[in-house]
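Content type compact mmCIF, C-alpha atoms and all ligand atoms, from the file my_file_15.txt:
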```
# COMPACT_ATOMS: atom_id res chain seq x y z
CA MET A 1048 -54.50 -63.67 37.94
CA ARG A 1049 -54.43 -64.58 41.61
CA TRP A 1050 -51.47 -65.74 43.62
CA ILE A 1051 -49.97 -65.82 47.10
CA GLU A 1052 -46.64 -64.21 47.88
CA ILE A 1053 -44.64 -65.99 50.56
CA ASP A 1054 -41.69 -64.14 52.03
CA LEU A 1055 -39.18 -66.82 53.01
CA ASP A 1056 -37.04 -64.24 54.82
CA ALA A 1057 -39.97 -63.57 57.17
CA ILE A 1058 -40.17 -67.30 57.97
CA THR A 1059 -36.43 -67.40 58.70
CA TYR A 1060 -36.75 -64.24 60.79
CA ASN A 1061 -39.58 -65.72 62.86
CA PHE A 1062 -37.59 -68.90 63.38
CA SER A 1063 -34.61 -66.93 64.64
CA GLN A 1064 -36.87 -64.97 67.02
CA ILE A 1065 -38.07 -68.26 68.52
CA ARG A 1066 -34.51 -69.60 68.58
CA GLN A 1067 -33.40 -66.57 70.59
CA LEU A 1068 -36.28 -66.84 73.06
CA VAL A 1069 -35.89 -70.54 73.78
CA PRO A 1070 -32.73 -71.66 75.64
CA GLU A 1071 -29.99 -73.14 73.50
CA GLN A 1072 -30.29 -76.68 74.87
CA VAL A 1073 -33.99 -76.81 73.94
CA LYS A 1074 -34.56 -78.24 70.47
CA ILE A 1075 -37.05 -76.73 68.03
CA LEU A 1076 -39.48 -78.87 66.11
CA SER A 1077 -41.09 -76.94 63.23
CA VAL A 1078 -44.66 -77.93 62.50
CA VAL A 1079 -45.20 -77.96 58.74
CA LYS A 1080 -48.48 -79.87 58.61
CA ALA A 1081 -51.29 -78.86 56.24
CA ASP A 1082 -48.85 -77.66 53.56
CA ALA A 1083 -47.02 -75.60 56.19
CA TYR A 1084 -50.28 -73.95 57.25
CA GLY A 1085 -50.96 -73.17 53.59
CA HIS A 1086 -47.57 -71.58 52.89
CA GLY A 1087 -46.08 -74.50 50.94
CA GLY A 1088 -44.74 -77.53 52.81
CA VAL A 1089 -41.65 -78.34 50.77
CA GLU A 1090 -40.36 -74.78 50.30
CA ILE A 1091 -41.00 -73.77 53.90
CA SER A 1092 -39.31 -76.93 55.18
CA LYS A 1093 -36.25 -76.23 53.04
CA ALA A 1094 -36.02 -72.70 54.43
CA LEU A 1095 -36.43 -73.95 58.00
CA GLU A 1096 -33.85 -76.67 57.51
CA GLU A 1097 -31.40 -74.00 56.43
CA ALA A 1098 -32.40 -71.87 59.41
CA GLY A 1099 -31.47 -74.70 61.74
CA THR A 1100 -34.61 -76.50 62.83
CA ASP A 1101 -33.95 -79.74 64.70
CA MET A 1102 -37.01 -81.64 63.58
CA PHE A 1103 -40.23 -81.37 61.57
CA ALA A 1104 -43.75 -82.59 62.14
CA VAL A 1105 -46.69 -83.24 59.85
CA THR A 1106 -50.03 -84.88 60.50
CA THR A 1107 -50.11 -87.69 57.94
CA VAL A 1108 -47.69 -90.25 56.54
CA GLU A 1109 -48.41 -88.91 53.04
CA GLU A 1110 -47.29 -85.42 54.05
CA GLY A 1111 -44.10 -86.88 55.50
CA VAL A 1112 -43.38 -88.93 52.37
CA GLU A 1113 -43.74 -85.80 50.23
CA LEU A 1114 -41.11 -83.99 52.27
CA VAL A 1115 -38.69 -86.94 52.20
CA ASN A 1116 -39.16 -87.30 48.44
CA HIS A 1117 -38.23 -83.64 48.06
CA GLY A 1118 -34.98 -84.07 49.90
CA ILE A 1119 -35.80 -82.95 53.43
CA ARG A 1120 -33.17 -84.54 55.68
CA GLN A 1121 -34.10 -83.60 59.23
CA PRO A 1122 -36.26 -86.15 61.04
CA ILE A 1123 -40.01 -85.86 60.45
CA LEU A 1124 -42.45 -86.78 63.19
CA VAL A 1125 -45.91 -87.89 62.05
CA PHE A 1126 -48.52 -86.64 64.56
CA ALA A 1127 -51.32 -89.01 63.58
CA PRO A 1128 -50.82 -92.25 65.50
CA MET A 1129 -49.46 -94.94 63.21
CA LEU A 1130 -51.82 -97.63 61.99
CA PRO A 1131 -50.26 -101.11 61.85
CA ASP A 1132 -50.38 -101.22 58.04
CA GLN A 1133 -48.34 -98.00 57.78
CA ALA A 1134 -45.28 -99.45 59.50
CA GLU A 1135 -43.60 -100.51 56.26
CA THR A 1136 -43.86 -97.11 54.53
CA ILE A 1137 -42.75 -95.35 57.69
CA LEU A 1138 -39.64 -97.49 58.00
CA GLU A 1139 -38.85 -97.32 54.30
CA LYS A 1140 -39.04 -93.54 54.26
CA GLY A 1141 -37.37 -93.10 57.62
CA LEU A 1142 -40.28 -91.18 59.15
CA VAL A 1143 -40.68 -91.01 62.92
CA PRO A 1144 -44.10 -92.40 63.84
CA THR A 1145 -46.29 -91.49 66.77
CA ILE A 1146 -47.30 -94.64 68.64
CA ASP A 1147 -50.08 -94.68 71.20
CA ASN A 1148 -51.03 -98.32 71.56
CA VAL A 1149 -49.50 -101.80 71.88
CA GLU A 1150 -50.89 -103.13 68.60
CA SER A 1151 -49.07 -100.48 66.57
CA LEU A 1152 -45.92 -101.03 68.59
CA ASP A 1153 -46.09 -104.73 67.69
CA ALA A 1154 -46.48 -103.89 64.00
CA LEU A 1155 -43.53 -101.50 64.09
CA ALA A 1156 -41.39 -104.11 65.85
CA ASP A 1157 -42.45 -106.80 63.36
CA PHE A 1158 -41.50 -104.76 60.33
CA SER A 1159 -38.27 -103.50 61.79
CA LYS A 1160 -37.26 -107.13 62.37
CA LYS A 1161 -38.33 -108.16 58.85
CA MET A 1162 -36.50 -105.25 57.25
CA GLY A 1163 -33.48 -105.57 59.50
CA LYS A 1164 -33.80 -101.90 60.29
CA GLU A 1165 -33.88 -100.21 63.68
CA ALA A 1166 -37.11 -98.36 64.38
CA ARG A 1167 -37.70 -95.29 66.48
CA PHE A 1168 -40.92 -93.64 67.59
CA HIS A 1169 -42.43 -91.03 69.87
CA LEU A 1170 -45.00 -92.11 72.43
CA LYS A 1171 -48.02 -89.78 72.55
CA VAL A 1172 -49.64 -89.50 75.95
CA GLU A 1173 -53.21 -88.29 76.44
CA THR A 1174 -53.25 -85.74 79.24
CA GLY A 1175 -56.41 -83.77 78.52
CA MET A 1176 -56.75 -82.92 74.84
CA GLY A 1177 -59.23 -85.76 74.41
CA ARG A 1178 -57.86 -86.69 71.02
CA THR A 1179 -54.96 -89.06 70.47
CA GLY A 1180 -52.50 -90.62 72.88
CA ILE A 1181 -52.17 -93.56 75.21
CA LEU A 1182 -54.13 -93.28 78.45
CA PRO A 1183 -51.96 -92.95 81.56
CA GLU A 1184 -53.28 -96.25 82.98
CA GLU A 1185 -52.20 -98.14 79.84
CA ILE A 1186 -48.60 -97.02 79.97
CA SER A 1187 -47.15 -99.68 82.25
CA SER A 1188 -48.30 -102.56 80.04
CA PHE A 1189 -47.02 -100.66 77.00
CA MET A 1190 -43.63 -100.32 78.66
CA GLU A 1191 -43.56 -104.02 79.48
CA ARG A 1192 -44.12 -104.84 75.82
CA LEU A 1193 -41.52 -102.36 74.68
CA MET A 1194 -38.89 -104.18 76.78
CA GLU A 1195 -39.36 -107.18 74.46
CA TYR A 1196 -38.18 -105.21 71.44
CA PRO A 1197 -34.52 -104.24 71.66
CA GLN A 1198 -34.53 -103.02 68.02
CA VAL A 1199 -37.28 -100.47 68.73
CA PHE A 1200 -36.15 -97.20 70.21
CA MET A 1201 -38.48 -94.87 72.11
CA GLU A 1202 -36.86 -91.59 71.12
CA GLY A 1203 -39.47 -89.26 72.57
CA ILE A 1204 -42.59 -88.78 74.65
CA TYR A 1205 -45.06 -86.02 74.05
CA SER A 1206 -48.47 -84.62 74.77
CA HIS A 1207 -50.58 -81.75 73.43
CA LEU A 1208 -52.06 -78.79 75.32
CA ALA A 1209 -55.72 -77.96 74.73
CA THR A 1210 -55.92 -74.43 76.12
CA ALA A 1211 -52.44 -72.89 76.12
CA MET A 1212 -53.68 -69.94 74.04
CA MET A 1213 -56.20 -68.94 76.70
CA LYS A 1214 -55.62 -66.45 79.45
CA ASP A 1215 -56.27 -68.91 82.24
CA LYS A 1216 -53.37 -71.36 82.24
CA SER A 1217 -54.63 -73.61 85.04
CA TYR A 1218 -55.80 -76.42 82.73
CA SER A 1219 -52.51 -76.32 80.80
CA GLN A 1220 -50.65 -76.45 84.10
CA LYS A 1221 -52.68 -79.50 85.08
CA GLN A 1222 -51.84 -81.20 81.78
CA LEU A 1223 -48.16 -80.32 82.19
CA ASN A 1224 -48.07 -81.68 85.75
CA LEU A 1225 -49.65 -84.96 84.69
CA PHE A 1226 -47.19 -85.20 81.81
CA LEU A 1227 -44.21 -84.56 84.10
CA HIS A 1228 -45.45 -87.21 86.50
CA ILE A 1229 -45.79 -89.78 83.70
CA LEU A 1230 -42.37 -88.84 82.38
CA LYS A 1231 -40.82 -89.44 85.79
CA GLU A 1232 -42.44 -92.86 86.05
CA ILE A 1233 -41.31 -93.90 82.57
CA LYS A 1234 -37.78 -92.68 83.14
CA LYS A 1235 -37.48 -95.03 86.11
CA GLU A 1236 -37.58 -97.86 83.58
CA LYS A 1237 -36.15 -96.38 80.42
CA ASN A 1238 -34.23 -93.35 79.34
CA VAL A 1239 -36.06 -91.23 76.77
CA PRO A 1240 -34.01 -88.52 75.05
CA LEU A 1241 -36.85 -86.19 74.02
CA ALA A 1242 -39.90 -84.89 75.87
CA HIS A 1243 -42.15 -82.21 74.41
CA ILE A 1244 -45.49 -80.58 75.16
CA ALA A 1245 -45.15 -76.83 74.33
CA ASN A 1246 -46.89 -75.42 71.25
CA SER A 1247 -46.62 -71.79 70.09
CA ALA A 1248 -48.75 -70.41 72.94
CA ALA A 1249 -46.72 -72.26 75.57
CA VAL A 1250 -43.49 -71.05 73.97
CA LEU A 1251 -44.66 -67.50 74.73
CA ASP A 1252 -46.41 -68.02 78.06
CA MET A 1253 -45.14 -71.21 79.72
CA PRO A 1254 -41.35 -71.51 79.78
CA GLU A 1255 -41.76 -74.23 82.42
CA ALA A 1256 -43.22 -76.40 79.63
CA TYR A 1257 -40.20 -76.19 77.30
CA LEU A 1258 -38.62 -79.46 78.59
CA ASN A 1259 -36.06 -80.35 75.91
CA MET A 1260 -38.01 -79.64 72.75
CA VAL A 1261 -40.79 -77.26 71.69
CA ARG A 1262 -43.20 -77.68 68.78
CA VAL A 1263 -43.97 -74.48 66.95
CA GLY A 1264 -46.28 -73.80 64.05
CA THR A 1265 -48.29 -70.59 64.34
CA LEU A 1266 -45.36 -68.40 65.40
CA LEU A 1267 -43.27 -69.48 62.41
CA TYR A 1268 -45.98 -68.15 60.15
CA GLY A 1269 -45.96 -64.76 61.77
CA GLN A 1270 -49.06 -65.03 63.90
CA TYR A 1271 -49.76 -65.04 67.62
CA PRO A 1272 -51.94 -67.96 68.70
CA SER A 1273 -54.51 -65.67 70.32
CA SER A 1274 -54.98 -62.16 71.63
CA HIS A 1275 -54.23 -63.35 75.18
CA VAL A 1276 -50.64 -64.51 74.78
CA ALA A 1277 -47.66 -62.34 75.64
CA ARG A 1278 -46.21 -60.81 72.50
CA ARG A 1279 -42.69 -61.53 73.65
CA ILE A 1280 -41.11 -61.82 70.24
CA ASP A 1281 -41.33 -59.77 67.10
CA LEU A 1282 -42.93 -61.54 64.15
CA LYS A 1283 -43.05 -60.81 60.45
CA ASP A 1284 -45.97 -61.80 58.27
CA PRO A 1285 -44.76 -63.89 55.32
CA TRP A 1286 -48.18 -64.13 53.67
CA GLN A 1287 -50.03 -61.98 51.16
CA ALA A 1288 -52.68 -63.18 48.75
CA LYS A 1289 -53.18 -60.97 45.71
CA GLY A 1290 -55.22 -60.87 42.55
CA ARG A 1291 -56.04 -58.67 39.62
CA ILE A 1292 -59.34 -57.10 38.74
CA ILE A 1293 -60.37 -58.86 35.54
CA SER A 1294 -63.45 -56.84 34.73
CA VAL A 1295 -65.03 -53.51 35.68
CA LYS A 1296 -68.79 -53.06 35.32
CA LYS A 1297 -70.97 -49.96 35.65
CA LEU A 1298 -74.31 -50.86 37.18
CA THR A 1299 -77.49 -48.85 37.65
CA PRO A 1300 -80.29 -49.03 40.23
CA GLY A 1301 -82.50 -52.06 39.77
CA GLN A 1302 -79.66 -54.26 38.61
CA SER A 1303 -78.11 -56.83 40.91
CA VAL A 1304 -74.73 -58.42 41.57
CA GLY A 1305 -74.06 -62.16 41.54
CA TYR A 1306 -75.96 -65.37 42.22
CA GLY A 1307 -79.37 -65.18 43.79
CA ARG A 1308 -79.51 -61.40 43.31
CA ASP A 1309 -78.46 -61.11 46.96
CA TYR A 1310 -77.08 -57.64 46.34
CA MET A 1311 -79.41 -55.08 44.75
CA VAL A 1312 -77.93 -51.93 43.23
CA ARG A 1313 -79.50 -48.82 44.80
CA LYS A 1314 -77.46 -46.07 43.20
CA PRO A 1315 -75.12 -45.97 40.20
CA MET A 1316 -72.03 -47.97 41.06
CA GLU A 1317 -68.93 -49.63 39.70
CA VAL A 1318 -68.11 -53.22 40.44
CA GLY A 1319 -64.74 -54.93 39.99
CA VAL A 1320 -64.46 -58.68 39.48
CA VAL A 1321 -61.58 -60.62 41.07
CA PRO A 1322 -60.98 -64.27 40.11
CA ILE A 1323 -61.09 -65.79 43.57
CA GLY A 1324 -63.97 -67.56 45.29
CA TYR A 1325 -65.03 -70.13 47.81
CA ALA A 1326 -63.26 -72.92 45.90
CA ASP A 1327 -60.06 -71.04 46.78
CA GLY A 1328 -61.08 -70.69 50.43
CA PHE A 1329 -62.09 -67.06 50.05
CA GLY A 1330 -64.78 -65.90 52.44
CA VAL A 1331 -63.71 -68.25 55.21
CA LEU A 1332 -62.24 -65.81 57.69
CA PRO A 1333 -61.47 -66.60 61.31
CA HIS A 1334 -63.32 -64.68 63.99
CA THR A 1335 -60.76 -62.68 65.90
CA ARG A 1336 -61.66 -61.85 69.42
CA PRO A 1337 -60.92 -58.33 70.58
CA ALA A 1338 -58.15 -58.32 73.19
CA LYS A 1339 -58.91 -55.01 74.83
CA VAL A 1340 -61.91 -52.72 75.12
CA TYR A 1341 -60.12 -50.38 72.73
CA ASP A 1342 -60.02 -53.08 70.03
CA LEU A 1343 -63.70 -53.75 70.53
CA VAL A 1344 -64.52 -50.06 70.10
CA LYS A 1345 -62.32 -49.94 67.02
CA SER A 1346 -63.87 -53.00 65.37
CA THR A 1347 -67.38 -51.84 66.23
CA ALA A 1348 -66.63 -48.46 64.68
CA LYS A 1349 -65.37 -50.25 61.59
CA ILE A 1350 -68.58 -52.22 61.32
CA PHE A 1351 -70.69 -49.05 61.56
CA SER A 1352 -68.57 -47.30 58.99
CA HIS A 1353 -69.29 -50.15 56.57
CA LEU A 1354 -72.98 -50.46 57.27
CA ALA A 1355 -73.79 -49.24 53.78
CA GLY A 1356 -75.37 -52.54 52.84
CA ALA A 1357 -72.13 -54.31 52.06
CA VAL A 1358 -71.13 -57.71 53.36
CA LEU A 1359 -69.22 -56.88 56.51
CA ALA A 1360 -66.75 -59.71 56.86
CA ASN A 1361 -65.35 -59.77 53.33
CA TYR A 1362 -63.32 -57.12 51.62
CA MET A 1363 -60.22 -56.56 49.51
CA ILE A 1364 -57.61 -53.84 49.61
CA CYS A 1365 -56.90 -51.81 46.52
CA GLU A 1366 -54.57 -48.82 46.45
CA GLU A 1367 -54.71 -48.67 50.28
CA LYS A 1368 -58.50 -48.59 50.23
CA ARG A 1369 -60.66 -51.21 51.91
CA LEU A 1370 -63.32 -52.22 49.38
CA PRO A 1371 -66.29 -54.36 50.44
CA VAL A 1372 -67.22 -57.54 48.63
CA VAL A 1373 -70.72 -57.23 47.16
CA GLY A 1374 -73.02 -60.08 46.24
CA ARG A 1375 -72.55 -63.75 46.92
CA ILE A 1376 -69.02 -65.06 46.64
CA GLY A 1377 -68.86 -67.39 43.64
CA MET A 1378 -66.85 -70.54 43.15
CA GLN A 1379 -63.93 -68.71 41.58
CA MET A 1380 -65.08 -65.11 41.24
CA SER A 1381 -66.00 -62.35 43.66
CA MET A 1382 -67.11 -58.76 43.17
CA ILE A 1383 -65.98 -55.65 44.99
CA ASP A 1384 -67.51 -52.21 45.13
CA ILE A 1385 -65.03 -49.82 43.49
CA THR A 1386 -67.43 -46.91 43.01
CA GLY A 1387 -65.69 -43.55 42.71
CA HIS A 1388 -62.14 -44.89 42.93
CA LYS A 1389 -61.28 -44.80 39.20
CA ILE A 1390 -59.95 -48.34 39.33
CA LYS A 1391 -59.29 -50.01 35.99
CA ALA A 1392 -59.32 -53.66 34.91
CA GLY A 1393 -55.89 -55.16 35.51
CA THR A 1394 -55.36 -53.36 38.82
CA GLU A 1395 -53.87 -55.43 41.64
CA VAL A 1396 -55.77 -56.05 44.87
CA LYS A 1397 -54.73 -57.56 48.19
CA ILE A 1398 -57.02 -60.36 49.31
CA PRO A 1399 -57.52 -61.34 52.95
CA LEU A 1400 -57.38 -65.11 52.66
CA ARG A 1401 -57.28 -67.53 55.54
CA ARG A 1402 -54.04 -69.45 55.20
CA THR A 1403 -54.95 -72.96 56.26
CA THR A 1404 -58.06 -73.06 54.08
CA SER A 1405 -56.56 -71.32 51.06
CA GLY A 1406 -56.64 -73.38 47.89
CA ALA A 1407 -53.48 -75.34 47.16
CA ARG A 1408 -53.99 -74.55 43.47
CA ILE A 1409 -53.40 -70.86 43.97
CA PRO A 1410 -49.82 -70.35 42.83
CA ARG A 1411 -47.32 -69.64 45.61
CA ILE A 1412 -44.63 -67.15 44.71
CA PHE A 1413 -41.67 -67.48 47.08
CA LEU A 1414 -39.57 -64.41 47.72
CA LYS A 1415 -36.01 -64.24 49.03
CA ASN A 1416 -34.26 -60.90 49.47
CA GLY A 1417 -37.28 -59.32 47.77
CA LYS A 1418 -36.72 -61.39 44.64
CA ILE A 1419 -38.71 -64.32 43.30
CA SER A 1420 -36.85 -67.49 44.19
CA HIS A 1421 -39.40 -70.09 43.13
CA ILE A 1422 -42.98 -70.39 41.93
CA ARG A 1423 -45.14 -73.34 42.88
CA THR A 1424 -48.07 -74.20 40.67
CA LEU A 1425 -49.95 -77.44 41.16
CA PRO A 1426 -51.20 -79.25 38.06
C1 LIG A 1501 -50.48 -78.20 65.17
C2 LIG A 1501 -49.77 -78.78 66.31
C3 LIG A 1501 -48.75 -78.06 66.96
C4 LIG A 1501 -48.41 -76.63 66.62
O1 LIG A 1501 -49.33 -75.78 67.22
P1 LIG A 1501 -49.16 -74.18 67.09
O2 LIG A 1501 -50.11 -73.67 68.09
O3 LIG A 1501 -49.50 -73.82 65.71
O4 LIG A 1501 -47.75 -73.88 67.44
C5 LIG A 1501 -48.05 -78.70 67.96
N1 LIG A 1501 -48.34 -79.96 68.32
C6 LIG A 1501 -49.33 -80.68 67.74
C7 LIG A 1501 -49.58 -82.08 68.19
C8 LIG A 1501 -50.08 -80.11 66.72
O5 LIG A 1501 -51.05 -80.82 66.14
```
Please render this file's structure as structure tokens.
Amino acid sequence: MRWIEIDLDAITYNFSQIRQLVPEQVKILSVVKADAYGHGGVEISKALEEAGTDMFAVTTVEEGVELVNHGIRQPILVFAPMLPDQAETILEKGLVPTIDNVESLDALADFSKKMGKEARFHLKVETGMGRTGILPEEISSFMERLMEYPQVFMEGIYSHLATAMMKDKSYSQKQLNLFLHILKEIKKEKNVPLAHIANSAAVLDMPEAYLNMVRVGTLLYGQYPSSHVARRIDLKDPWQAKGRIISVKKLTPGQSVGYGRDYMVRKPMEVGVVPIGYADGFGVLPHTRPAKVYDLVKSTAKIFSHLAGAVLANYMICEEKRLPVVGRIGMQMSMIDITGHKIKAGTEVKIPLRRTTSGARIPRIFLKNGKISHIRTLP
């Protein structure tokens, strides 16, 4: 009764747009963390592997294990710095850990010796995100320790930009410069094949940050990171959440809609019920900032046109009409005002649903060439 359609061709199209923008010698790492931003980690990874991605990244070891267990072959970088007790799983599953301290390096080296297996990792460097990564002043002692472990291979070095989606790129430039400086110092002692710092915003706005690999998430899923970035490539939206109206109710003045009687009926109306609610992530919409004055005027006009007592932020689309959500959003049900539209129970609606917070239990219907290729339903 509610589902999300994922157009795999749109994902492949977006990948090829990025591939064409970024020079051939620059590798592409596809970020498929958080269930591929809500689109379905395994299925999206399979499509991207076919499209020619060079590498994947997820946040947690568990996410990486899931992909490996489903047959993903390209290397998978785990963004969260490895904890010493994760070394064994990482080596067993062939994941590429992020290391940002000596203790974890020791653990990785220990296990690789025990298991008789070479280990590789990417060193994360903190350059201004204030999150994970080794501090620049700790790097030289880290490098000294690394020299003691011939079976441990530092395959890459990376850092993460905090403000690349903003108009002012001076902070990003500062981060990049620090990163380049560190890279130069490290390369005096050891060759490192991969260096990466560019996310989606930098892919569009900072070609000087490409180095030899870029890490893209947002663009793959058909979205621009902000309204400030250059829209240098064409993107297709692979995502559409849908549902069916399961009940239509005629209500008269004095009655109310939903929990708490937040919405009071003032004139005869018709209400449609759609089986989606906050447990599915419905009602959690991002605030988009207007890019130009024109957008601001447009969105303000929209708000005024909906000032009929309806909740402004939440709506659904039915037969091309934008219908406001009325009453409090329930755990798994929401109501829309369908007055005067002659909409019957069973009718399909489009639901604006934020991808990364959309419930994993909502079935994902994957489309290829306009046909259903696979349906994912979680138990
Ligand atoms: C999420 C993430 C990315 C991808 O960012 P987008 O802006 O979605 O392209 C890249 N690098 C790291 C470390 C991330 O956590």
A straight line from CA of Ala1166 (chain A) to CA of Asp1147 (chain A) spans 15.1 Å
Counting only C-alpha atoms, which residues come within 8 Å of (-48.2, -60.0, 43.5), with the point read in the file's coordinates, and could you list them as a compact mmCIF listing (two decimals) with C-alpha atoms, in the coordinates of the input?
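Output contents, as saved in part-v9.txt:
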```txt
# COMPACT_ATOMS: atom_id res chain seq x y z
CA ARG A 1049 -54.43 -64.58 41.61
CA TRP A 1050 -51.47 -65.74 43.62
CA ILE A 1051 -49.97 -65.82 47.10
CA GLU A 1052 -46.64 -64.21 47.88
CA ALA A 1288 -52.68 -63.18 48.75
CA LYS A 1289 -53.18 -60.97 45.71
CA GLY A 1290 -55.22 -60.87 42.55
CA GLU A 1395 -53.87 -55.43 41.64
```
List the neighbours of Asn1246 (chain A) out to 8 Å using all atoms listed in the file; skip same-chain residues closer than 5 positions along the sequence, and give me the result as an mmCIF file with C-alpha atoms, in the frame of the given file.
```cif
data_model
loop_
_atom_site.group_PDB
_atom_site.id
_atom_site.type_symbol
_atom_site.label_atom_id
_atom_site.label_comp_id
_atom_site.auth_asym_id
_atom_site.auth_seq_id
_atom_site.Cartn_x
_atom_site.Cartn_y
_atom_site.Cartn_z
ATOM 1 C CA HIS A 1207 -50.580 -81.750 73.430
ATOM 2 C CA LEU A 1208 -52.060 -78.790 75.320
ATOM 3 C CA ALA A 1211 -52.440 -72.890 76.120
ATOM 4 C CA VAL A 1261 -40.790 -77.260 71.690
ATOM 5 C CA ARG A 1262 -43.200 -77.680 68.780
ATOM 6 C CA VAL A 1263 -43.970 -74.480 66.950
ATOM 7 C CA GLY A 1264 -46.280 -73.800 64.050
#
```
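Using only C-alpha atoms, the contacts of Phe1189 (chain A) at a cut-off of 10 Å, with sequence neighbours closer than 6 positions omitted, comprise A:Asp1147, A:Asn1148, A:Val1149, A:Glu1150, A:Leu1152, A:Leu1170, A:Ile1181.
Of the listed residues A:Asp1054, A:Asp1157, A:Asp1082, A:Asp1327, the one whose atoms come nearest to ligand LIG 1501 (chain A) is A:Asp1082, with distances taken using all atoms listed in the file.
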Selection: 8 Å around Tyr1306 (chain A), only C-alpha atoms, excl. self and same-chain fewer than 4 positions, as a PyMOL selection string | chain A and resi 1374-1375+1377
Work out how far apart CA of Gly1088 (chain A) and CA of Phe1103 (chain A) are and give it in Å to one decimal.
->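 The value is 10.6 Å.
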Let me have all residues with an atom within 10 Å of ligand LIG 1501 (chain A), counting all atoms listed in the file, laid out as JSON, numbers by chain.
-> {"A": [1076, 1077, 1078, 1079, 1080, 1081, 1083, 1084, 1104, 1105, 1106, 1124, 1125, 1126, 1127, 1171, 1176, 1178, 1179, 1205, 1206, 1207, 1208, 1209, 1210, 1211, 1212, 1243, 1244, 1245, 1246, 1247, 1248, 1249, 1250, 1261, 1262, 1263, 1264, 1265, 1266, 1267, 1268, 1270, 1271, 1272, 1273]}
For Glu1139 (chain A), work out the shell of residues within 10 Å, counting all atoms listed in the file and skipping chain neighbours fewer than 5 positions away, then give it as a list in words.
->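 The residues that qualify are Val1112, Ala1134, Phe1158, Ser1159, Met1162 and Lys1164 of chain A.
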Determine, counting all atoms listed in the file, every residue of protein, DNA or RNA that lies within 12 Å of (-48.0, -70.1, 40.2) in the file coordinates, then give the result as a PDB file with C-alpha atoms, keeping the file's coordinate frame.
```pdb
ATOM      1  CA  MET A1048     -54.500 -63.670  37.940  1.00  0.00           C
ATOM      2  CA  ARG A1049     -54.430 -64.580  41.610  1.00  0.00           C
ATOM      3  CA  TRP A1050     -51.470 -65.740  43.620  1.00  0.00           C
ATOM      4  CA  ILE A1051     -49.970 -65.820  47.100  1.00  0.00           C
ATOM      5  CA  GLU A1052     -46.640 -64.210  47.880  1.00  0.00           C
ATOM      6  CA  ILE A1053     -44.640 -65.990  50.560  1.00  0.00           C
ATOM      7  CA  GLY A1087     -46.080 -74.500  50.940  1.00  0.00           C
ATOM      8  CA  ALA A1288     -52.680 -63.180  48.750  1.00  0.00           C
ATOM      9  CA  LYS A1289     -53.180 -60.970  45.710  1.00  0.00           C
ATOM     10  CA  GLY A1290     -55.220 -60.870  42.550  1.00  0.00           C
ATOM     11  CA  ALA A1407     -53.480 -75.340  47.160  1.00  0.00           C
ATOM     12  CA  ARG A1408     -53.990 -74.550  43.470  1.00  0.00           C
ATOM     13  CA  ILE A1409     -53.400 -70.860  43.970  1.00  0.00           C
ATOM     14  CA  PRO A1410     -49.820 -70.350  42.830  1.00  0.00           C
ATOM     15  CA  ARG A1411     -47.320 -69.640  45.610  1.00  0.00           C
ATOM     16  CA  ILE A1412     -44.630 -67.150  44.710  1.00  0.00           C
ATOM     17  CA  PHE A1413     -41.670 -67.480  47.080  1.00  0.00           C
ATOM     18  CA  ILE A1419     -38.710 -64.320  43.300  1.00  0.00           C
ATOM     19  CA  HIS A1421     -39.400 -70.090  43.130  1.00  0.00           C
ATOM     20  CA  ILE A1422     -42.980 -70.390  41.930  1.00  0.00           C
ATOM     21  CA  ARG A1423     -45.140 -73.340  42.880  1.00  0.00           C
ATOM     22  CA  THR A1424     -48.070 -74.200  40.670  1.00  0.00           C
ATOM     23  CA  LEU A1425     -49.950 -77.440  41.160  1.00  0.00           C
ATOM     24  CA  PRO A1426     -51.200 -79.250  38.060  1.00  0.00           C
TER      25      PRO A1426
END
```
Between CA of Val1373 (chain A) and CA of Gly1319 (chain A), distance in Å (one decimal) =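 Going from CA of Val1373 (chain A) over to CA of Gly1319 (chain A), I get 9.6 Å.
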Using all atoms listed in the file, which of the listed residues (A:Ile1091, A:Ile1204, A:Val1312, A:Ile1280) sits closest to Ile1119 (chain A)?
->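 Once distances to Ile1119 (chain A) are computed over all atoms listed in the file, the minimum belongs to A:Ile1091.
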Counting only C-alpha atoms, the residue of A:Glu1367, A:Asp1284, A:Glu1236, A:Asp1252 that sits nearest Lys1216 (chain A) =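 Among the listed residues, the smallest separation from Lys1216 (chain A) belongs to A:Asp1252.
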For Gly1099 (chain A): contacts at 9 Å, all atoms listed in the file, fewer than 3 positions along chain excluded, given as a PDB file with C-alpha atoms, in the coordinates of the input:
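The result, written out as around-v6.pdb:
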```pdb
ATOM      1  CA  PHE A1062     -37.590 -68.900  63.380  1.00  0.00           C
ATOM      2  CA  SER A1063     -34.610 -66.930  64.640  1.00  0.00           C
ATOM      3  CA  ILE A1075     -37.050 -76.730  68.030  1.00  0.00           C
ATOM      4  CA  ALA A1094     -36.020 -72.700  54.430  1.00  0.00           C
ATOM      5  CA  LEU A1095     -36.430 -73.950  58.000  1.00  0.00           C
ATOM      6  CA  GLU A1096     -33.850 -76.670  57.510  1.00  0.00           C
TER       7      GLU A1096
END
```
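Among the candidate residues A:Asn1238, A:Ser1274, A:Thr1394, A:Ser1294, the one lying nearest to Met1201 (chain A) is A:Asn1238, with distances computed using all atoms listed in the file.
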Would you please work out which residue, of A:Glu1184, A:Asp1281, A:Asp1101, A:Glu1135, is nearest to Gly1163 (chain A) when using all atoms listed in the file?
-> A:Glu1135
Name the closest residue to Arg1369 (chain A) among the candidates A:Val1396, A:Ile1390, A:Val1069, A:Ala1277; distances are taken between atoms, counting only C-alpha atoms.
->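 Of the candidates, the smallest distance to Arg1369 (chain A) is held by A:Val1396.
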